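Visitor: Input structure: data27.txt, which contains compact mmCIF, C-alpha atoms.
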# COMPACT_ATOMS: atom_id res chain seq x y z
CA MET E 1 108.69 165.22 63.35
CA LYS E 2 110.06 165.01 66.90
CA SER E 3 111.13 167.98 69.00
CA ALA E 4 114.71 168.66 69.87
CA PRO E 5 115.30 168.21 73.63
CA PHE E 6 114.35 171.03 76.00
CA GLU E 7 113.99 171.60 79.70
CA TYR E 8 110.56 172.14 81.24
CA ALA E 9 109.32 174.30 84.11
CA ARG E 10 105.82 174.56 85.51
CA PRO E 11 105.57 177.69 87.70
CA THR E 12 102.59 178.07 90.00
CA THR E 13 102.61 181.87 90.37
CA LEU E 14 102.98 184.78 87.96
CA THR E 15 106.07 186.00 89.82
CA GLU E 16 107.75 182.64 89.39
CA ALA E 17 106.87 182.57 85.66
CA LEU E 18 108.24 186.09 85.11
CA ASP E 19 111.43 185.20 87.05
CA LEU E 20 112.02 182.24 84.73
CA LEU E 21 111.48 184.37 81.63
CA ASP E 22 113.75 187.06 83.06
CA ARG E 23 116.55 184.56 83.71
CA HIS E 24 116.32 182.64 80.44
CA GLY E 25 115.07 185.29 77.96
CA GLU E 26 115.72 184.35 74.32
CA ASP E 27 116.38 180.69 75.18
CA CYS E 28 112.94 180.04 76.59
CA LYS E 29 109.39 180.03 75.34
CA PRO E 30 106.12 180.23 77.29
CA LEU E 31 103.80 177.27 76.69
CA ALA E 32 100.06 178.01 76.78
CA GLY E 33 97.80 175.29 75.30
CA GLY E 34 100.51 174.16 72.90
CA GLN E 35 98.18 173.81 69.91
CA SER E 36 100.54 175.84 67.71
CA LEU E 37 103.80 175.59 69.65
CA VAL E 38 103.93 171.78 69.98
CA PRO E 39 103.83 171.23 66.18
CA LEU E 40 106.38 174.05 65.70
CA LEU E 41 108.65 172.23 68.14
CA ALA E 42 108.07 168.92 66.36
CA MET E 43 108.98 170.49 63.00
CA ARG E 44 111.96 172.13 64.74
CA LEU E 45 110.85 175.56 63.57
CA ALA E 46 111.10 176.51 67.26
CA ARG E 47 114.02 175.24 69.35
CA PRO E 48 113.85 176.75 72.82
CA SER E 49 116.08 175.29 75.51
CA LEU E 50 113.36 175.79 78.14
CA LEU E 51 109.56 175.67 78.00
CA VAL E 52 107.70 177.57 80.73
CA ASP E 53 104.28 175.91 81.05
CA LEU E 54 101.71 178.50 82.15
CA ASP E 55 98.99 175.93 82.88
CA ARG E 56 99.17 176.36 86.66
CA VAL E 57 99.54 180.14 86.88
CA PRO E 58 96.22 181.19 88.43
CA GLU E 59 96.67 184.90 87.58
CA LEU E 60 96.31 184.09 83.86
CA ARG E 61 92.97 182.30 84.14
CA GLY E 62 89.41 183.54 84.14
CA PHE E 63 87.49 185.94 81.97
CA SER E 64 84.61 188.40 81.95
CA ALA E 65 82.61 190.08 79.20
CA GLU E 66 85.36 192.66 78.67
CA ARG E 67 88.59 191.00 79.80
CA VAL E 68 89.98 187.56 79.05
CA GLY E 69 92.94 186.01 80.87
CA ALA E 70 95.64 184.74 78.53
CA MET E 71 95.16 181.11 79.60
CA ALA E 72 91.38 181.01 79.11
CA THR E 73 90.66 178.32 76.51
CA ASN E 74 88.46 178.88 73.51
CA ALA E 75 86.23 176.03 74.76
CA GLN E 76 85.74 177.80 78.11
CA LEU E 77 84.70 180.96 76.27
CA GLU E 78 82.42 178.99 73.95
CA ARG E 79 80.51 177.60 76.93
CA ARG E 80 79.80 181.17 78.08
CA ALA E 81 79.50 182.69 74.60
CA GLY E 82 76.31 184.53 75.57
CA ASP E 83 78.29 186.72 77.99
CA LEU E 84 80.74 187.87 75.30
CA PRO E 85 80.43 190.41 72.47
CA PRO E 86 78.38 188.55 69.81
CA VAL E 87 81.06 188.93 67.14
CA ILE E 88 83.42 186.91 69.38
CA ALA E 89 80.72 184.29 69.94
CA ALA E 90 80.32 184.02 66.15
CA ALA E 91 84.07 183.65 65.59
CA LEU E 92 84.71 181.02 68.29
CA PRO E 93 83.39 177.97 66.37
CA HIS E 94 85.85 178.78 63.55
CA ILE E 95 88.90 178.68 65.85
CA GLY E 96 90.24 175.22 65.08
CA HIS E 97 88.23 172.04 65.56
CA PHE E 98 86.49 171.61 68.90
CA GLN E 99 89.22 169.23 70.02
CA ILE E 100 91.73 172.04 69.49
CA ARG E 101 89.52 174.63 71.20
CA ASN E 102 89.56 172.38 74.27
CA ARG E 103 93.27 173.19 74.68
CA GLY E 104 93.94 176.30 72.61
CA THR E 105 94.03 179.56 74.57
CA VAL E 106 93.23 183.17 73.73
CA GLY E 107 96.67 184.35 74.85
CA GLY E 108 98.44 181.60 72.96
CA SER E 109 96.67 182.54 69.75
CA LEU E 110 97.51 186.25 70.18
CA ALA E 111 101.15 185.65 71.11
CA HIS E 112 101.61 183.15 68.26
CA LEU E 113 100.05 185.70 65.87
CA ASP E 114 99.27 183.55 62.88
CA PRO E 115 97.87 185.92 60.23
CA ALA E 116 95.03 183.40 59.69
CA GLY E 117 94.14 183.42 63.38
CA GLU E 118 90.74 184.73 64.46
CA TRP E 119 91.91 186.26 67.78
CA PRO E 120 94.35 188.76 66.24
CA ALA E 121 91.54 189.87 63.88
CA LEU E 122 89.08 190.18 66.78
CA ALA E 123 91.62 192.17 68.83
CA LEU E 124 92.07 194.64 65.98
CA LEU E 125 88.33 194.81 65.28
CA LEU E 126 87.37 195.43 68.92
CA GLU E 127 90.20 197.94 69.55
CA ALA E 128 91.47 195.62 72.23
CA GLU E 129 94.20 196.42 74.72
CA LEU E 130 96.76 193.79 75.62
CA THR E 131 98.31 193.79 79.08
CA VAL E 132 101.85 192.42 79.19
CA GLU E 133 104.40 192.14 81.97
CA SER E 134 108.07 191.48 82.55
CA LYS E 135 110.41 191.97 85.49
CA ARG E 136 112.46 194.36 83.35
CA LEU E 137 109.68 196.67 82.12
CA GLY E 138 106.94 195.99 84.63
CA ARG E 139 103.34 195.96 83.46
CA ARG E 140 102.38 197.80 80.27
CA THR E 141 99.36 198.01 78.02
CA LEU E 142 99.55 197.88 74.23
CA SER E 143 96.89 198.49 71.60
CA ALA E 144 96.28 195.63 69.17
CA GLY E 145 98.06 197.68 66.51
CA GLN E 146 101.12 198.17 68.73
CA PHE E 147 101.17 194.50 69.72
CA MET E 148 101.10 193.08 66.18
CA ARG E 149 104.37 193.63 64.35
CA GLY E 150 104.22 191.10 61.52
CA PRO E 151 103.32 187.48 60.79
CA MET E 152 104.19 185.42 63.90
CA THR E 153 105.84 188.54 65.32
CA THR E 154 104.63 190.55 68.31
CA ALA E 155 105.96 193.45 70.37
CA LEU E 156 106.50 191.04 73.29
CA GLY E 157 110.05 190.97 74.58
CA ALA E 158 111.56 187.52 75.13
CA ASP E 159 111.13 188.05 78.87
CA GLU E 160 107.58 189.39 78.57
CA LEU E 161 104.31 187.57 79.13
CA LEU E 162 100.88 188.40 77.76
CA LEU E 163 98.56 188.51 80.79
CA SER E 164 95.16 189.42 79.37
CA VAL E 165 93.26 191.10 76.58
CA SER E 166 90.40 193.53 77.13
CA TRP E 167 88.02 195.56 74.99
CA PRO E 168 85.43 198.30 75.54
CA ARG E 169 82.01 197.26 76.82
CA TRP E 170 79.82 196.02 73.96
CA PRO E 171 77.07 198.62 73.67
CA ALA E 172 73.40 197.77 73.27
CA GLY E 173 72.33 198.16 69.66
CA ALA E 174 75.79 197.56 68.22
CA ARG E 175 75.72 195.57 64.99
CA TRP E 176 78.27 193.12 63.65
CA ALA E 177 79.04 190.33 61.16
CA PHE E 178 81.74 187.67 60.80
CA ALA E 179 82.59 185.40 57.86
CA GLU E 180 85.46 183.18 56.83
CA VAL E 181 86.30 180.58 54.20
CA ALA E 182 88.29 177.44 55.11
CA ARG E 183 88.64 174.04 53.47
CA ARG E 184 86.94 172.27 56.36
CA PRO E 185 85.06 173.96 59.21
CA GLY E 186 87.78 174.57 61.81
CA ASP E 187 90.71 174.55 59.38
CA PHE E 188 92.87 177.65 59.01
CA ALA E 189 90.99 180.40 57.21
CA LEU E 190 91.97 181.03 53.59
CA ALA E 191 90.30 184.44 53.94
CA GLY E 192 88.12 186.05 56.58
CA ALA E 193 86.41 189.33 57.46
CA ALA E 194 84.55 190.85 60.37
CA CYS E 195 82.72 194.12 60.90
CA THR E 196 81.15 196.13 63.69
CA VAL E 197 78.84 199.13 63.54
CA ILE E 198 78.99 200.88 66.91
CA ALA E 199 77.30 204.24 67.48
CA GLY E 200 77.06 204.71 63.71
CA ARG E 201 80.79 204.06 63.18
CA THR E 202 81.72 201.14 60.89
CA ARG E 203 84.94 199.22 61.54
CA ALA E 204 85.87 196.36 59.20
CA VAL E 205 88.79 193.96 59.39
CA VAL E 206 90.03 191.45 56.83
CA PHE E 207 92.29 188.59 57.94
CA ALA E 208 94.08 185.47 56.65
CA VAL E 209 94.77 187.32 53.40
CA GLY E 210 98.04 189.13 54.15
CA PRO E 211 100.85 189.39 56.68
CA LEU E 212 98.51 190.63 59.46
CA PRO E 213 94.82 191.34 60.02
CA GLN E 214 94.07 194.72 58.48
CA LEU E 215 91.52 197.50 58.80
CA ALA E 216 89.90 197.53 55.39
CA GLY E 217 86.73 199.60 55.56
CA ASP E 218 87.78 201.27 52.31
CA GLY E 219 88.06 197.89 50.56
CA ASP E 220 91.84 198.19 50.22
CA PHE E 221 94.14 195.55 51.75
CA GLU E 222 97.47 193.81 51.27
CA VAL E 223 97.49 190.18 50.10
CA THR E 224 100.08 187.41 50.09
CA GLY E 225 99.90 184.00 48.43
CA ASP E 226 101.21 180.71 49.77
CA LEU E 227 100.67 177.01 49.11
CA HIS E 228 97.18 177.15 50.67
CA ALA E 229 95.82 179.93 48.44
CA SER E 230 97.17 182.31 45.80
CA ALA E 231 97.31 186.07 46.30
CA ALA E 232 94.69 186.48 43.56
CA TYR E 233 92.34 184.06 45.33
CA ARG E 234 92.77 185.85 48.64
CA ARG E 235 92.15 189.25 47.07
CA GLU E 236 88.95 188.04 45.42
CA VAL E 237 87.57 186.06 48.39
CA GLY E 238 88.71 188.67 50.91
CA LYS E 239 86.90 191.36 48.94
CA ARG E 240 83.70 189.28 48.74
CA LEU E 241 83.76 188.49 52.47
CA LEU E 242 84.44 192.12 53.31
CA ASP E 243 81.47 193.20 51.18
CA ARG E 244 79.33 190.56 52.84
CA VAL E 245 80.14 191.46 56.46
CA MET E 246 79.82 195.20 55.79
CA THR E 247 76.43 194.69 54.15
CA GLN E 248 75.23 192.36 56.92
CA ALA E 249 76.41 194.67 59.70
CA ALA E 250 74.75 197.66 58.07
CA MET E 251 71.35 195.99 57.86
CA MET Y 1 116.17 166.36 82.45
CA GLU Y 2 113.37 163.84 82.79
CA GLN Y 3 110.17 164.93 84.48
CA SER Y 4 108.07 162.95 86.86
CA LEU Y 5 104.63 162.29 85.37
CA ARG Y 6 101.62 161.00 87.28
CA VAL Y 7 98.58 160.36 85.14
CA LYS Y 8 95.56 158.11 85.22
CA VAL Y 9 95.25 156.14 81.99
CA ASN Y 10 92.06 154.15 81.41
CA GLY Y 11 91.38 154.14 85.13
CA GLN Y 12 94.88 153.03 86.17
CA ALA Y 13 97.31 155.29 87.99
CA VAL Y 14 100.61 155.49 86.10
CA LYS Y 15 103.88 157.06 87.27
CA ARG Y 16 106.79 157.44 84.86
CA GLU Y 17 109.86 159.57 84.30
CA VAL Y 18 109.60 161.14 80.84
CA PRO Y 19 111.59 163.62 78.76
CA PRO Y 20 109.60 166.87 78.39
CA ARG Y 21 109.69 166.63 74.59
CA LEU Y 22 107.72 163.35 74.57
CA THR Y 23 104.20 163.90 73.24
CA LEU Y 24 101.21 162.32 74.95
CA ALA Y 25 100.67 160.20 71.82
CA ASP Y 26 104.23 158.82 71.91
CA PHE Y 27 103.94 158.30 75.67
CA LEU Y 28 100.79 156.21 75.20
CA ARG Y 29 102.13 154.25 72.25
CA ASP Y 30 105.83 153.78 73.05
CA ARG Y 31 105.98 153.85 76.85
CA LEU Y 32 102.64 152.26 77.75
CA ARG Y 33 102.33 150.18 74.55
CA LEU Y 34 98.75 151.41 74.11
CA THR Y 35 99.00 151.40 70.33
CA GLY Y 36 95.29 151.90 69.76
CA THR Y 37 95.96 155.64 69.62
CA HIS Y 38 97.06 156.15 66.03
CA LEU Y 39 99.36 158.82 64.63
CA GLY Y 40 98.60 160.18 61.18
CA CYS Y 41 99.74 163.72 60.48
CA GLU Y 42 101.29 164.52 63.88
CA HIS Y 43 100.31 168.18 63.62
CA GLY Y 44 96.68 168.28 64.61
CA VAL Y 45 94.99 168.00 61.22
CA CYS Y 46 93.88 164.36 60.83
CA GLY Y 47 92.39 163.62 64.26
CA ALA Y 48 93.58 159.98 64.35
CA CYS Y 49 95.31 160.48 67.72
CA THR Y 50 92.26 162.02 69.44
CA VAL Y 51 91.89 160.83 73.07
CA LEU Y 52 89.88 162.02 76.06
CA LEU Y 53 91.66 164.21 78.63
CA ASP Y 54 89.51 164.66 81.73
CA GLY Y 55 86.61 163.74 79.42
CA ASP Y 56 87.40 166.34 76.73
CA ALA Y 57 88.49 165.26 73.25
CA VAL Y 58 92.04 166.47 72.55
CA ARG Y 59 94.82 165.77 70.06
CA ALA Y 60 97.41 163.52 71.72
CA CYS Y 61 100.00 164.69 69.15
CA LEU Y 62 99.56 168.35 70.19
CA LEU Y 63 100.10 167.72 73.88
CA LEU Y 64 103.30 167.01 75.71
CA ALA Y 65 102.95 164.06 78.06
CA VAL Y 66 103.98 166.35 80.94
CA GLN Y 67 100.93 168.54 80.21
CA ALA Y 68 98.72 165.60 81.18
CA ASP Y 69 100.28 165.45 84.66
CA GLY Y 70 97.62 165.04 87.33
CA ARG Y 71 94.91 164.40 84.74
CA GLU Y 72 92.97 161.43 83.43
CA VAL Y 73 93.40 160.05 79.91
CA THR Y 74 91.02 157.66 78.17
CA THR Y 75 92.16 155.88 75.02
CA VAL Y 76 90.29 153.42 72.83
CA GLU Y 77 91.71 150.63 75.04
CA GLY Y 78 89.68 152.08 77.91
CA MET Y 79 86.39 152.31 76.04
CA GLY Y 80 85.29 148.70 75.85
CA GLU Y 81 86.59 145.25 74.99
CA PRO Y 82 85.54 142.34 72.79
CA GLY Y 83 82.20 141.09 74.04
CA ARG Y 84 81.70 144.23 76.10
CA LEU Y 85 81.66 147.05 73.55
CA THR Y 86 80.42 150.52 74.31
CA PRO Y 87 77.11 151.52 72.66
CA LEU Y 88 79.14 153.75 70.30
CA GLN Y 89 81.48 150.89 69.34
CA ARG Y 90 78.49 148.59 68.78
CA ALA Y 91 76.87 151.21 66.55
CA PHE Y 92 80.14 151.60 64.55
CA LEU Y 93 80.14 147.82 64.01
CA GLU Y 94 76.48 147.65 63.01
CA HIS Y 95 76.74 150.54 60.56
CA GLY Y 96 80.08 149.54 59.02
CA ALA Y 97 81.49 152.86 60.20
CA PHE Y 98 85.07 151.77 59.49
CA GLN Y 99 86.99 149.84 56.90
CA CYS Y 100 90.76 150.02 57.37
CA GLY Y 101 90.27 151.16 60.97
CA PHE Y 102 93.12 153.67 61.10
CA CYS Y 103 90.88 156.64 61.94
CA THR Y 104 88.48 154.68 64.17
CA PRO Y 105 90.04 155.26 67.63
CA GLY Y 106 90.05 159.01 66.94
CA PHE Y 107 86.44 158.99 65.75
CA LEU Y 108 85.42 156.99 68.82
CA ALA Y 109 87.06 159.55 71.13
CA THR Y 110 85.43 162.43 69.25
CA GLY Y 111 82.09 160.57 69.25
CA GLU Y 112 82.31 159.79 72.97
CA ALA Y 113 83.00 163.44 73.75
CA LEU Y 114 80.01 164.52 71.65
CA LEU Y 115 77.74 161.95 73.33
CA ARG Y 116 78.91 162.99 76.81
CA SER Y 117 78.51 166.70 76.03
CA GLY Y 118 74.76 166.25 76.35
CA ARG Y 119 74.17 168.43 73.30
CA ARG Y 120 71.45 167.35 70.88
CA LEU Y 121 73.19 165.92 67.83
CA SER Y 122 71.53 166.37 64.46
CA ARG Y 123 72.32 164.90 61.07
CA ALA Y 124 72.67 168.43 59.76
CA GLU Y 125 75.38 169.58 62.16
CA LEU Y 126 77.33 166.32 62.70
CA PRO Y 127 79.47 166.67 59.56
CA ASP Y 128 80.76 170.02 60.88
CA LEU Y 129 81.37 168.56 64.36
CA LEU Y 130 83.30 165.67 62.79
CA ALA Y 131 85.39 167.94 60.54
CA GLY Y 132 88.41 167.48 62.81
CA ASN Y 133 88.70 163.77 62.01
CA LEU Y 134 89.63 162.45 58.57
CA CYS Y 135 88.41 159.10 57.18
CA ARG Y 136 89.54 157.93 53.74
CA CYS Y 137 87.36 154.79 53.54
CA THR Y 138 83.78 155.34 54.58
CA GLY Y 139 82.73 158.66 53.10
CA TYR Y 140 81.58 159.57 56.64
CA GLY Y 141 77.91 158.61 56.14
CA PRO Y 142 78.09 155.40 58.22
CA ILE Y 143 80.03 157.25 60.96
CA VAL Y 144 77.30 159.89 61.18
CA ASP Y 145 74.67 157.11 61.26
CA ALA Y 146 76.51 155.27 64.05
CA ILE Y 147 76.92 158.36 66.26
CA LEU Y 148 73.27 159.32 65.75
CA GLU Y 149 72.18 155.82 66.71
CA ALA Y 150 74.36 155.82 69.82
CA ALA Y 151 72.91 159.22 70.71
CA GLY Y 152 69.45 157.68 70.42
CA SER Y 153 68.32 160.58 68.27
CA ARG Y 154 67.48 158.74 65.08
Just dump the structure as structure tokens.
Guide:
Amino acid sequence: MKSAPFEYARPTTLTEALDLLDRHGEDCKPLAGGQSLVPLLAMRLARPSLLVDLDRVPELRGFSAERVGAMATNAQLERRAGDLPPVIAAALPHIGHFQIRNRGTVGGSLAHLDPAGEWPALALLLEAELTVESKRLGRRTLSAGQFMRGPMTTALGADELLLSVSWPRWPAGARWAFAEVARRPGDFALAGAACTVIAGRTRAVVFAVGPLPQLAGDGDFEVTGDLHASAAYRREVGKRLLDRVMTQAAM
Amino acid sequence: MEQSLRVKVNGQAVKREVPPRLTLADFLRDRLRLTGTHLGCEHGVCGACTVLLDGDAVRACLLLAVQADGREVTTVEGMGEPGRLTPLQRAFLEHGAFQCGFCTPGFLATGEALLRSGRRLSRAELPDLLAGNLCRCTGYGPIVDAILEAAGSR
């Protein structure tokens, strides 16, 4: 349960961070809040030779109602939840325990891409765009669907950094619902669902049931089982939660 | 290569050279011999290693020591001492909010953070707020009672 040795760099500008990633590529890993990466290092599931700590890169901080910097913590968002789309405000208390939200970042959650994570589901639900940058490819913008490739797998190149995530302005009168089931409040979801009704258009997402969050307005979704919950359990609970959020959002 | 780390621990400025892979929990326990911070699961589930970082409750097992550079850490050793307990520690004692004591430093850090947050704590919502700390002895009731008493909201 102890990490293999690695080197550590703490850049203080975006340019410096991108230079490091450009030079070290596959051998290095960006460190955001560390709430997922530090245990992966300890279990030696990740063995980078260099960690690039993004904590002091000012360009990655800050957020508004429609754009969140990658290094904004969930706790910072929670304190200003009233400024955010209400479906995000409802999801925030489920993102780990509050001690983990104090460190865990929005960008870290998206780049880690745990299928049980709330942020990937929110990104898909809100038709978010993710801005990424590298020295090699410059700055580019990906849809949530383009960004998410598989469990723990994103479209980010080894030299690329997620800068921010943004979504369309939340319109007045939009409706929404969010629900998830976990063993303890704040534990990883065993199944979850969220729904928006915007300008009469319903969009529903189910997450923590399969390899990625999925659009499932038609009630159809892929499930996988693991030691936390069986595929049959996730199909049943996912279906119930989906029904619940679609009913609630329609009311 | 070792990194230079400057951190304030329980009010005292500390400067050490540390390997980047050292967690804050191991730094506190093995380098500073502050063994009041306990390690249970070492992956963020049990809450035993919870400490305050710039006043916020965090998992010391999920932080590298180098991430605490320039910040202030408070462990259970910095919260009070025999004969001069904090109101929260006194309430834990009065309510029997611990038995084996393994989880207690983590609950005290979580409790301190909740008390300092200024939010109104209710018996209804405390179990959810405490969900990030596991206790195998008390059944949680006395811990909820102690935090409510310290919050003066009983």
Visitor: Within 7 Å of chain E, which residues of chain Y are there when counting all atoms listed in the file? Please give them as a compact mmCIF listing (two decimals) with C-alpha atoms, in the frame of the given file.
Guide:
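Once everything was written out, this is out17.txt:
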# COMPACT_ATOMS: atom_id res chain seq x y z
CA MET Y 1 116.17 166.36 82.45
CA PRO Y 20 109.60 166.87 78.39
CA ARG Y 21 109.69 166.63 74.59
CA HIS Y 43 100.31 168.18 63.62
CA ASP Y 56 87.40 166.34 76.73
CA ALA Y 57 88.49 165.26 73.25
CA VAL Y 58 92.04 166.47 72.55
CA ARG Y 59 94.82 165.77 70.06
CA LEU Y 62 99.56 168.35 70.19
CA LEU Y 63 100.10 167.72 73.88
CA ASP Y 128 80.76 170.02 60.88
CA ALA Y 131 85.39 167.94 60.54
CA GLY Y 132 88.41 167.48 62.81
Visitor: Need to verify the contact set: Y:Glu149, 12 Å, only C-alpha atoms, exclusion of same-chain residues closer than 6 positions in sequence. Can you return it as a PyMOL selection string?
Guide: chain Y and resi 87-95+97+111+115+121-123+142-143
Visitor: So the first atom is atom CA of E:Arg149 and the second is atom CA of E:Leu212; what is the distance between them in Å, to one decimal place?
Guide: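 Computing the Euclidean distance for atom CA of E:Arg149 and atom CA of E:Leu212 yields 8.2 Å.
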Visitor: So which one's closest to E:Thr131, E:Val68, E:Leu92, E:Met152, E:Met246? Using all atoms listed in the file, please.
Guide: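 Counting all atoms listed in the file, the residue closest to E:Thr131 is E:Val68.
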Visitor: So that I can check the surroundings of stretch 159-163 of chain E, please list as a list in words every protein, DNA and RNA residue that reaches within 8 Å of it, counting all atoms listed in the file and ignoring chain neighbours fewer than 6 positions away.
Guide: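 Neighbouring residues, sequence-local ones excluded: Leu18, Leu21, Asp22, His24, Gly25, Glu26, Pro30, Glu59, Leu60, Gly69, Ala70, Gly107, Ala111, Leu130, Thr131, Val132, Glu133, Ser134, Lys135 and Arg136 of chain E.
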Visitor: Just C-alpha atoms for this one: save the residues we selected as an mmCIF file, in the coordinates of the input.
Guide:
data_model
loop_
_atom_site.group_PDB
_atom_site.id
_atom_site.type_symbol
_atom_site.label_atom_id
_atom_site.label_comp_id
_atom_site.auth_asym_id
_atom_site.auth_seq_id
_atom_site.Cartn_x
_atom_site.Cartn_y
_atom_site.Cartn_z
ATOM 1 C CA LEU E 18 108.240 186.090 85.110
ATOM 2 C CA LEU E 21 111.480 184.370 81.630
ATOM 3 C CA ASP E 22 113.750 187.060 83.060
ATOM 4 C CA HIS E 24 116.320 182.640 80.440
ATOM 5 C CA GLY E 25 115.070 185.290 77.960
ATOM 6 C CA GLU E 26 115.720 184.350 74.320
ATOM 7 C CA PRO E 30 106.120 180.230 77.290
ATOM 8 C CA GLU E 59 96.670 184.900 87.580
ATOM 9 C CA LEU E 60 96.310 184.090 83.860
ATOM 10 C CA GLY E 69 92.940 186.010 80.870
ATOM 11 C CA ALA E 70 95.640 184.740 78.530
ATOM 12 C CA GLY E 107 96.670 184.350 74.850
ATOM 13 C CA ALA E 111 101.150 185.650 71.110
ATOM 14 C CA LEU E 130 96.760 193.790 75.620
ATOM 15 C CA THR E 131 98.310 193.790 79.080
ATOM 16 C CA VAL E 132 101.850 192.420 79.190
ATOM 17 C CA GLU E 133 104.400 192.140 81.970
ATOM 18 C CA SER E 134 108.070 191.480 82.550
ATOM 19 C CA LYS E 135 110.410 191.970 85.490
ATOM 20 C CA ARG E 136 112.460 194.360 83.350
#
Visitor: Choose the residue, out of E:Ala81, E:Leu113, E:Ala91, E:Met148, that has the smallest atom-to-atom separation from E:Glu129; count all atoms listed in the file.
Guide: E:Met148
